[in-house]
file input_11.txt (compact mmCIF, C-alpha atoms)
# COMPACT_ATOMS: atom_id res chain seq x y z
CA GLY A 379 45.81 -3.37 26.66
CA GLU A 380 44.67 -6.93 26.81
CA GLY A 381 42.87 -8.34 23.74
CA ARG A 382 39.15 -7.95 23.30
CA PHE A 383 38.51 -10.58 25.97
CA GLY A 384 41.57 -9.98 28.10
CA LYS A 385 41.68 -9.67 31.88
CA ASP A 386 40.25 -6.18 32.05
CA ILE A 387 36.95 -6.93 30.40
CA SER A 388 33.75 -6.24 32.32
CA GLU A 389 30.67 -8.39 32.38
CA ASP A 390 28.81 -5.69 30.46
CA GLU A 391 31.41 -5.73 27.71
CA VAL A 392 31.01 -9.48 27.34
CA LYS A 393 27.24 -9.02 27.17
CA GLN A 394 27.64 -6.24 24.61
CA ALA A 395 29.86 -8.40 22.40
CA LEU A 396 27.29 -11.19 22.64
CA ALA A 397 24.45 -8.78 21.85
CA ASP A 398 26.36 -7.51 18.80
CA GLY A 399 26.76 -11.06 17.52
CA ILE A 400 23.06 -11.83 18.00
CA ALA A 401 22.02 -8.50 16.46
CA ALA A 402 24.10 -9.30 13.38
CA ILE A 403 21.98 -12.44 12.82
CA LEU A 404 18.69 -10.72 13.65
CA THR A 405 19.24 -7.61 11.54
CA THR A 406 19.02 -9.78 8.42
CA VAL A 407 15.35 -10.57 9.20
CA GLU A 408 14.23 -7.29 10.78
CA GLN A 409 11.60 -5.95 8.41
CA GLY A 410 8.73 -3.64 9.19
CA MET A 411 5.40 -4.57 7.67
CA LYS A 412 3.88 -2.12 5.24
CA PHE A 413 0.14 -2.57 4.78
CA GLU A 414 0.05 -0.49 1.63
CA LYS A 415 -3.10 -0.59 -0.43
CA ALA A 416 -2.29 -2.29 -3.67
CA ASP A 417 -4.02 -2.58 -7.02
CA ALA A 418 -7.67 -1.62 -7.09
CA GLY A 419 -8.70 -3.43 -3.94
CA PRO A 420 -7.44 -3.83 -0.37
CA PHE A 421 -4.04 -5.06 0.78
CA VAL A 422 -4.78 -8.73 1.52
CA VAL A 423 -3.05 -10.61 4.32
CA LEU A 424 -3.56 -14.31 4.91
CA VAL A 425 -2.82 -15.08 8.57
CA CYS A 426 -1.71 -18.64 9.31
CA GLY A 427 -0.58 -20.61 12.33
CA VAL A 428 -1.54 -23.58 14.45
CA ASN A 429 -4.41 -23.23 16.88
CA GLY A 430 -3.45 -21.72 20.20
CA VAL A 431 -0.55 -19.53 19.09
CA GLY A 432 -2.49 -16.29 19.45
CA LYS A 433 -3.41 -15.91 15.78
CA THR A 434 -6.84 -14.36 16.26
CA THR A 435 -5.55 -12.03 18.95
CA THR A 436 -2.69 -10.98 16.68
CA ILE A 437 -5.15 -10.14 13.88
CA GLY A 438 -7.18 -8.08 16.35
CA LYS A 439 -4.12 -6.19 17.53
CA ILE A 440 -3.00 -5.47 13.96
CA ALA A 441 -6.52 -4.23 13.12
CA HIS A 442 -6.50 -1.99 16.20
CA GLU A 443 -3.12 -0.53 15.24
CA LEU A 444 -4.11 0.05 11.61
CA HIS A 445 -7.57 1.48 12.28
CA ARG A 446 -7.45 3.24 15.65
CA LYS A 447 -3.96 4.62 15.18
CA GLY A 448 -3.42 4.61 11.44
CA GLY A 449 -6.93 5.62 10.39
CA ARG A 450 -7.08 2.83 7.81
CA LYS A 451 -10.27 1.03 6.88
CA VAL A 452 -9.81 -2.60 7.90
CA MET A 453 -11.86 -5.73 7.35
CA LEU A 454 -11.49 -9.07 9.12
CA ALA A 455 -12.59 -12.38 7.60
CA ALA A 456 -13.31 -15.38 9.83
CA GLY A 457 -11.73 -18.08 7.68
CA ASP A 458 -11.33 -20.59 10.50
CA THR A 459 -14.90 -21.66 9.83
CA PHE A 460 -14.85 -24.94 11.78
CA ARG A 461 -14.03 -23.36 15.13
CA ALA A 462 -16.99 -21.41 16.46
CA ALA A 463 -14.80 -19.99 19.24
CA ALA A 464 -12.33 -18.57 16.72
CA VAL A 465 -15.14 -16.89 14.76
CA GLU A 466 -16.65 -15.41 17.95
CA GLN A 467 -13.28 -14.21 19.18
CA LEU A 468 -12.50 -12.54 15.87
CA GLU A 469 -15.90 -10.83 15.89
CA ILE A 470 -15.16 -9.39 19.34
CA TRP A 471 -11.81 -8.10 18.07
CA ALA A 472 -13.53 -6.56 15.03
CA GLN A 473 -15.86 -4.65 17.36
CA ARG A 474 -13.03 -3.56 19.65
CA SER A 475 -10.81 -2.40 16.81
CA GLY A 476 -13.55 -0.82 14.72
CA ALA A 477 -12.92 -3.15 11.80
CA GLY A 478 -15.50 -4.58 9.41
CA PHE A 479 -16.24 -8.28 9.79
CA VAL A 480 -17.17 -11.12 7.42
CA LYS A 481 -18.25 -14.59 8.48
CA LYS A 482 -20.27 -17.46 7.03
CA ASP A 483 -22.18 -20.34 8.58
CA PHE A 484 -20.28 -22.78 10.76
CA GLY A 485 -18.35 -25.25 8.61
CA SER A 486 -18.61 -23.19 5.41
CA ASP A 487 -15.95 -23.38 2.74
CA ALA A 488 -13.10 -21.11 3.81
CA ALA A 489 -12.16 -20.28 0.22
CA ALA A 490 -15.69 -19.09 -0.57
CA LEU A 491 -15.56 -16.94 2.54
CA ALA A 492 -12.23 -15.40 1.49
CA TYR A 493 -13.63 -14.67 -1.98
CA GLU A 494 -16.72 -12.96 -0.57
CA ALA A 495 -14.67 -11.05 1.98
CA TYR A 496 -12.46 -9.70 -0.80
CA GLU A 497 -15.46 -8.62 -2.86
CA LYS A 498 -16.97 -6.89 0.17
CA ALA A 499 -13.70 -5.25 1.20
CA LYS A 500 -13.23 -3.98 -2.35
CA ALA A 501 -16.82 -2.73 -2.63
CA GLU A 502 -16.53 -0.91 0.71
CA ASN A 503 -13.16 0.53 -0.27
CA ALA A 504 -11.30 -1.08 2.64
CA ASP A 505 -7.54 -0.52 2.79
CA VAL A 506 -6.63 -3.82 4.40
CA LEU A 507 -8.27 -7.26 4.53
CA LEU A 508 -6.97 -9.70 7.15
CA VAL A 509 -8.08 -13.31 6.63
CA ASP A 510 -7.94 -15.70 9.58
CA THR A 511 -7.31 -19.34 8.62
CA ALA A 512 -7.53 -22.78 10.21
CA GLY A 513 -4.50 -24.25 11.94
CA ARG A 514 -5.18 -27.95 12.30
CA LEU A 515 -1.69 -29.32 11.79
CA HIS A 516 -2.54 -32.85 12.89
CA ASN A 517 -4.49 -33.10 9.67
CA LYS A 518 -1.87 -31.66 7.35
CA ALA A 519 -3.30 -32.86 4.03
CA ASN A 520 -6.69 -31.24 4.70
CA LEU A 521 -5.08 -28.06 5.95
CA MET A 522 -2.86 -27.90 2.89
CA ALA A 523 -5.83 -28.38 0.56
CA GLU A 524 -7.83 -25.71 2.39
CA LEU A 525 -5.10 -23.05 2.45
CA GLN A 526 -4.11 -23.66 -1.15
CA LYS A 527 -7.75 -23.41 -2.23
CA ILE A 528 -8.10 -20.05 -0.45
CA ILE A 529 -5.07 -18.78 -2.38
CA ARG A 530 -6.33 -20.18 -5.70
CA VAL A 531 -9.70 -18.51 -5.24
CA LEU A 532 -8.14 -15.18 -4.26
CA LYS A 533 -5.95 -15.31 -7.36
CA LYS A 534 -9.10 -15.50 -9.48
CA GLN A 535 -9.85 -12.02 -8.16
CA ASN A 536 -6.32 -10.79 -8.69
CA GLU A 537 -3.10 -12.60 -9.56
CA ASN A 538 -1.17 -10.68 -6.87
CA LEU A 539 -3.29 -12.03 -4.01
CA PRO A 540 -2.59 -12.52 -1.21
CA HIS A 541 -0.11 -9.67 -0.90
CA ALA A 542 1.30 -11.15 2.31
CA VAL A 543 1.14 -14.45 4.20
CA LEU A 544 1.86 -14.04 7.89
CA LEU A 545 2.75 -17.02 10.05
CA VAL A 546 2.09 -16.56 13.77
CA LEU A 547 4.34 -18.56 16.12
CA ASP A 548 4.29 -18.99 19.88
CA ALA A 549 7.80 -18.46 21.27
CA THR A 550 7.14 -20.78 24.22
CA THR A 551 6.87 -23.80 21.92
CA GLY A 552 10.63 -23.69 21.30
CA GLN A 553 11.82 -26.20 18.73
CA ASN A 554 8.22 -26.80 17.67
CA ALA A 555 8.17 -23.32 16.17
CA HIS A 556 10.87 -24.44 13.70
CA GLU A 557 8.76 -27.40 12.66
CA GLN A 558 5.76 -25.11 12.12
CA VAL A 559 7.73 -22.75 9.86
CA ARG A 560 8.99 -25.73 7.88
CA ILE A 561 5.51 -27.20 7.41
CA PHE A 562 3.69 -23.95 6.61
CA ARG A 563 6.37 -23.03 4.10
CA GLU A 564 5.63 -26.29 2.29
CA ILE A 565 1.94 -25.37 2.18
CA VAL A 566 2.02 -21.62 1.46
CA ASN A 567 4.56 -18.97 0.59
CA VAL A 568 5.14 -17.51 4.07
CA THR A 569 6.26 -13.90 3.58
CA GLY A 570 6.79 -12.97 7.23
CA LEU A 571 6.57 -14.04 10.86
CA VAL A 572 4.91 -12.71 13.99
CA VAL A 573 6.32 -14.24 17.18
CA THR A 574 4.00 -14.10 20.19
CA LYS A 575 4.30 -14.74 23.94
CA LEU A 576 7.77 -13.27 24.23
CA ASP A 577 7.19 -11.92 27.72
CA GLY A 578 10.28 -13.62 29.18
CA SER A 579 13.70 -13.21 27.61
CA ALA A 580 14.43 -16.91 28.19
CA LYS A 581 12.08 -17.69 25.31
CA GLY A 582 13.76 -15.23 22.98
CA GLY A 583 16.39 -17.68 21.81
CA VAL A 584 13.86 -19.27 19.49
CA VAL A 585 13.79 -16.04 17.49
CA VAL A 586 17.55 -16.20 16.91
CA GLY A 587 17.22 -19.83 15.84
CA LEU A 588 14.41 -19.01 13.39
CA ALA A 589 16.37 -16.13 11.88
CA ASP A 590 19.42 -18.33 11.51
CA SER A 591 17.59 -21.37 10.09
CA PHE A 592 15.04 -19.79 7.77
CA GLY A 593 15.87 -16.15 7.14
CA VAL A 594 12.14 -15.32 6.85
CA PRO A 595 11.41 -11.67 7.72
CA ILE A 596 10.20 -11.12 11.28
CA HIS A 597 7.72 -8.24 11.23
CA MET A 598 6.33 -8.13 14.74
CA ILE A 599 6.61 -9.61 18.19
CA GLY A 600 3.92 -9.98 20.83
CA VAL A 601 5.14 -9.30 24.36
CA GLY A 602 1.94 -9.59 26.36
CA GLU A 603 -1.84 -9.78 26.36
CA GLN A 604 -2.64 -6.08 26.11
CA ILE A 605 -3.82 -4.54 22.88
CA GLU A 606 -0.64 -2.43 22.68
CA ASP A 607 1.67 -5.41 23.20
CA LEU A 608 2.25 -6.19 19.54
CA GLN A 609 5.40 -4.33 18.51
CA PRO A 610 7.54 -3.98 15.42
CA PHE A 611 10.55 -6.31 15.64
CA ARG A 612 13.76 -4.40 16.40
CA ALA A 613 16.86 -6.58 16.09
CA ARG A 614 19.31 -4.53 18.17
CA GLU A 615 16.87 -3.85 20.99
CA PHE A 616 15.86 -7.50 21.05
CA ALA A 617 19.48 -8.68 21.18
CA GLN A 618 20.22 -6.32 24.07
CA SER A 619 17.29 -7.58 26.11
CA LEU A 620 18.14 -11.19 25.31
CA VAL A 621 21.56 -10.91 26.94
CA GLY A 622 20.18 -8.87 29.84
CA LEU A 623 21.50 -5.42 28.91
CA VAL A 624 18.19 -3.56 28.98

call {"tool": "encode", "arguments": {"input": "input_11.txt", "output": "structure tokens"}}
result
Amino acid sequence: GEGRFGKDISEDEVKQALADGIAAILTTVEQGMKFEKADAGPFVVLVCGVNGVGKTTTIGKIAHELHRKGGRKVMLAAGDTFRAAAVEQLEIWAQRSGAGFVKKDFGSDAAALAYEAYEKAKAENADVLLVDTAGRLHNKANLMAELQKIIRVLKKQNENLPHAVLLVLDATTGQNAHEQVRIFREIVNVTGLVVTKLDGSAKGGVVVGLADSFGVPIHMIGVGEQIEDLQPFRAREFAQSLVGLV
């Protein structure tokens, strides 16, 4: 027979070889997210990302999955205190998903809010606390100070907090997503990624680039607007769809 890419090779075989190569890169970052209650209090997740990437929606979808399907007790904290719309949107998601909700007055200190939310979540025996945060990248110094203060204050409660720091990225921003990972990793210890707006396979290449450049675990991908559209990241499946085999 001809070699692997000899004359007799079909288009599907070429695609499969390509998919295998992509899957090899992506498998290194495929990692399911375990929201396992730690220590005496809830499992605490700080959710970061620039405004407009679908951060609040992602929190709502995770809460829905954990509570409605997993039967866990979930609490949401509106840490993006300077954006009234973000607080309102998160409150709507809390109601839809059956999660508890903590907010403070407009413009309140986000770290104080996170502290209170933890106390409340612990007192009410919640399993998971998801903390929304601001994403004003144009003012990096302020954002850095704010996020680092939230973490400092949480660590006063427990040295292991937060248990996870999720960075939400919008796949349609392409190269900009790389820049966001770079910047947020300077500010906080990003433990995993959620990549949203992956409804067209053309945008999927950014995921391969992120895996290759940063090696940060990718926990979930968002493939649409519906509540069910947040899925665990599956490297092989993703690679197949990227090359058009699915």

call {"tool": "atom_distance", "arguments": {"input": "input_11.txt", "atom1": "CA of Val392 in chain A", "atom2": "CA of Val573 in chain A"}}
result
27.1 Å

call {"tool": "closest_atom_pairs", "arguments": {"input": "input_11.txt", "of": "range 408-502 of chain A", "to": "range 609-614 of chain A", "cutoff": "12 Å", "atoms": "only C-alpha atoms", "output": "CSV"}}
result
residue,atom,partner,partner_atom,distance
A:Glu408,CA,A:Ala613,CA,6.0
A:Gln409,CA,A:Phe611,CA,7.3
A:Gly410,CA,A:Pro610,CA,6.4
A:Met411,CA,A:Pro610,CA,8.1
A:Lys412,CA,A:Pro610,CA,11.0
A:Thr436,CA,A:Gln609,CA,10.6
A:Lys439,CA,A:Gln609,CA,9.7
A:Ile440,CA,A:Gln609,CA,9.6
A:Glu443,CA,A:Gln609,CA,9.9

call {"tool": "atom_distance", "arguments": {"input": "input_11.txt", "atom1": "CA of Phe616 in chain A", "atom2": "CA of Arg446 in chain A"}}
result
26.2 Å

call {"tool": "atom_distance", "arguments": {"input": "input_11.txt", "atom1": "CA of Asp398 in chain A", "atom2": "CA of Gln618 in chain A"}}
result
8.2 Å

call {"tool": "closest_residue", "arguments": {"input": "input_11.txt", "among": "A:Lys433, A:Lys481, A:His516, A:Lys393", "to": "Ala455 in chain A", "atoms": "all atoms listed in the file"}}
result
A:Lys481

call {"tool": "closest_atom_pairs", "arguments": {"input": "input_11.txt", "of": "range 401-485 of chain A", "to": "range 489-499 of chain A", "cutoff": "12 Å", "atoms": "only C-alpha atoms", "output": "JSON lines"}}
result
{"residue": "A:Lys415", "atom": "CA", "partner": "A:Ala499", "partner_atom": "CA", "distance": 11.7}
{"residue": "A:Ala418", "atom": "CA", "partner": "A:Ala499", "partner_atom": "CA", "distance": 10.9}
{"residue": "A:Gly419", "atom": "CA", "partner": "A:Ala499", "partner_atom": "CA", "distance": 7.4}
{"residue": "A:Pro420", "atom": "CA", "partner": "A:Ala499", "partner_atom": "CA", "distance": 6.6}
{"residue": "A:Phe421", "atom": "CA", "partner": "A:Ala499", "partner_atom": "CA", "distance": 9.7}
{"residue": "A:Val422", "atom": "CA", "partner": "A:Tyr496", "partner_atom": "CA", "distance": 8.1}
{"residue": "A:Val423", "atom": "CA", "partner": "A:Ala492", "partner_atom": "CA", "distance": 10.7}
{"residue": "A:Leu424", "atom": "CA", "partner": "A:Ala492", "partner_atom": "CA", "distance": 9.4}
{"residue": "A:Val425", "atom": "CA", "partner": "A:Ala492", "partner_atom": "CA", "distance": 11.8}
{"residue": "A:Lys451", "atom": "CA", "partner": "A:Ala499", "partner_atom": "CA", "distance": 9.1}
{"residue": "A:Val452", "atom": "CA", "partner": "A:Ala499", "partner_atom": "CA", "distance": 8.2}
{"residue": "A:Met453", "atom": "CA", "partner": "A:Ala499", "partner_atom": "CA", "distance": 6.4}
{"residue": "A:Leu454", "atom": "CA", "partner": "A:Ala495", "partner_atom": "CA", "distance": 8.1}
{"residue": "A:Ala455", "atom": "CA", "partner": "A:Ala495", "partner_atom": "CA", "distance": 6.1}
{"residue": "A:Ala456", "atom": "CA", "partner": "A:Leu491", "partner_atom": "CA", "distance": 7.8}
{"residue": "A:Gly457", "atom": "CA", "partner": "A:Leu491", "partner_atom": "CA", "distance": 6.5}
{"residue": "A:Asp458", "atom": "CA", "partner": "A:Leu491", "partner_atom": "CA", "distance": 9.7}
{"residue": "A:Thr459", "atom": "CA", "partner": "A:Leu491", "partner_atom": "CA", "distance": 8.7}
{"residue": "A:Ala477", "atom": "CA", "partner": "A:Ala499", "partner_atom": "CA", "distance": 10.8}
{"residue": "A:Gly478", "atom": "CA", "partner": "A:Ala499", "partner_atom": "CA", "distance": 8.4}
{"residue": "A:Phe479", "atom": "CA", "partner": "A:Ala495", "partner_atom": "CA", "distance": 8.4}
{"residue": "A:Val480", "atom": "CA", "partner": "A:Ala495", "partner_atom": "CA", "distance": 6.0}
{"residue": "A:Lys481", "atom": "CA", "partner": "A:Leu491", "partner_atom": "CA", "distance": 6.9}
{"residue": "A:Lys482", "atom": "CA", "partner": "A:Leu491", "partner_atom": "CA", "distance": 6.5}
{"residue": "A:Asp483", "atom": "CA", "partner": "A:Leu491", "partner_atom": "CA", "distance": 9.6}
{"residue": "A:Phe484", "atom": "CA", "partner": "A:Leu491", "partner_atom": "CA", "distance": 11.1}
{"residue": "A:Gly485", "atom": "CA", "partner": "A:Leu491", "partner_atom": "CA", "distance": 10.7}

call {"tool": "closest_residue", "arguments": {"input": "input_11.txt", "among": "A:Gln394, A:Gln526, A:Thr551, A:Ser591", "to": "Gly430 in chain A", "atoms": "only C-alpha atoms"}}
result
A:Thr551

call {"tool": "closest_residue", "arguments": {"input": "input_11.txt", "among": "A:Leu515, A:Val585, A:Leu608, A:Met598", "to": "Cys426 in chain A", "atoms": "all atoms listed in the file"}}
result
A:Leu515

call {"tool": "closest_residue", "arguments": {"input": "input_11.txt", "among": "A:Ala549, A:Ala395, A:Ala416, A:Val586", "to": "Val506 in chain A", "atoms": "all atoms listed in the file"}}
result
A:Ala416

call {"tool": "closest_residue", "arguments": {"input": "input_11.txt", "among": "A:Asp487, A:Asp505, A:Asp510, A:Glu557", "to": "Glu469 in chain A", "atoms": "only C-alpha atoms"}}
result
A:Asp510

call {"tool": "closest_residue", "arguments": {"input": "input_11.txt", "among": "A:Asn503, A:Ser388, A:Gln467, A:Asn567", "to": "Pro540 in chain A", "atoms": "all atoms listed in the file"}}
result
A:Asn567

call {"tool": "residues_around", "arguments": {"input": "input_11.txt", "residues": "Gly432 in chain A", "least_positions_apart": "2", "cutoff": "9 Å", "atoms": "all atoms listed in the file", "output": "MDAnalysis selection string"}}
result
chainID A and resid 427:430 434:437 546:548 574:575

call {"tool": "write_last_selection", "arguments": {"input": "input_11.txt", "atoms": "C-alpha atoms", "output": "CSV table (one decimal), keeping the file's coordinate frame"}}
result
chain,number,residue,atom,x,y,z
A,427,GLY,CA,-0.6,-20.6,12.3
A,428,VAL,CA,-1.5,-23.6,14.4
A,429,ASN,CA,-4.4,-23.2,16.9
A,430,GLY,CA,-3.4,-21.7,20.2
A,434,THR,CA,-6.8,-14.4,16.3
A,435,THR,CA,-5.6,-12.0,19.0
A,436,THR,CA,-2.7,-11.0,16.7
A,437,ILE,CA,-5.2,-10.1,13.9
A,546,VAL,CA,2.1,-16.6,13.8
A,547,LEU,CA,4.3,-18.6,16.1
A,548,ASP,CA,4.3,-19.0,19.9
A,574,THR,CA,4.0,-14.1,20.2
A,575,LYS,CA,4.3,-14.7,23.9

call {"tool": "axis_aligned_box", "arguments": {"input": "input_11.txt", "around": "range 501-513 of chain A", "padding_each_side": "6 Å", "output": "lines of an AutoDock Vina configuration file"}}
result
center_x = -10.7
center_y = -11.9
center_z = 4.7
size_x = 24.3
size_y = 36.8
size_z = 26.6
